[in-house]
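Engineer: This structure is in structure tokens; I'll ask about it shortly.
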Amino acid sequence: MAIELRNIQFTYPSGIKALQDMSLSITNGEKVVLMGSNGSGKSSLCLLLAGVIKPDEGDYYIQGQRFRYCRKHRKQLCRSIGYVFQDPDVQVVATHVDEDVAFGLRNIGLKEEDVQQRITVYLELTGISDLRKQTVHTLSYGQKKQVALAGVLAMEPEIIMLDEPFAWLDYRQSQRLLGILNLLNEMGKTVIVSTHDSQFAYEWADRALVMQNGQLKADGSASEVFAREQLLEELDIAPVKQNLSCLHHS
């Protein structure tokens, strides 16, 4: 089992209940979409899975081991799960592109020869090799998102989460990202995408999770979930058109 949550509760200091009695399990190698209207708890769930926020109650298991939110477990987590934030400006930390991709690798003590090799591999994979020596502040928003993705992939985690990854990407960037998601899955990685794009979710995912008010309201294969039209309307999820290909995603 890649991820298991048992009766997770989380309330922000403001009193907003972001996650309520959240229990779910995700198996290794699944392609999962996480959906829900704004304020449904999607981002809070992603932050919890990434170890950024700690639940008030409940247990989080990753690859069969309970995550304890101590320094040791947090350091181990970055090797198991990678999270690409919706806003790259909160994730890209270095002045130059290559240094940003190297940041996490050096933090875990990887040899410099291996660091440089991974920089080359993952900048090429994300299609931004030509930006290797660029200063980050000169990049477009879409390019920054690709830098953030390269940095996460360079850590080679078994589970990759992405929050609205197609936002601000142009057509070419979107097509490359779609290819990367499929490649990661072919490599046996677990891929979790938080998205508002129903068409992409329906065509790409093995499984769809839909949240509302911090609770999991629907969980099943993408085809099963999107067949429940009345429920989707209640959850503010857009319907889908059949027989379209996500290869034409824009």
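Please note that chains go A, B, ... in the order of the structure tokens, that every chain numbers its residues from 1, and that ligands are numbered from 1 in the order shown.
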For segment 37-44 of chain A, find every residue with an atom within 12 Å (counting only C-alpha atoms), except residues of its own chain fewer than 5 positions away, and show them as a count of residues only.
Structural biologist: 50
Engineer: For segment 128-139 of chain A, list every protein, DNA or RNA residue within 10 Å, evaluated using only C-alpha atoms, and leave out those in the same chain fewer than 4 positions away; present the list as a ChimeraX atom specification.
Structural biologist: /A:89,92-101,119-124,143-147,150,173
Engineer: Segment 22-243 of chain A: which residues are alpha helix (DSSP H) by DSSP, as a count of residues only?
Structural biologist: 91
Engineer: What lies within 12 Å of Lys75 of chain A using only C-alpha atoms, ignoring chain neighbours under 3 positions off, as number ranges by chain?
Structural biologist: A: 50-52, 67-72, 78-82, 104-105, 107-109, 155
Engineer: Write down as a PyMOL selection string the residues of segment 162-214 of chain A whose backbone DSSP state falls under strand (DSSP E or B).
Structural biologist: chain A and resi 162-163+190-194+207-212
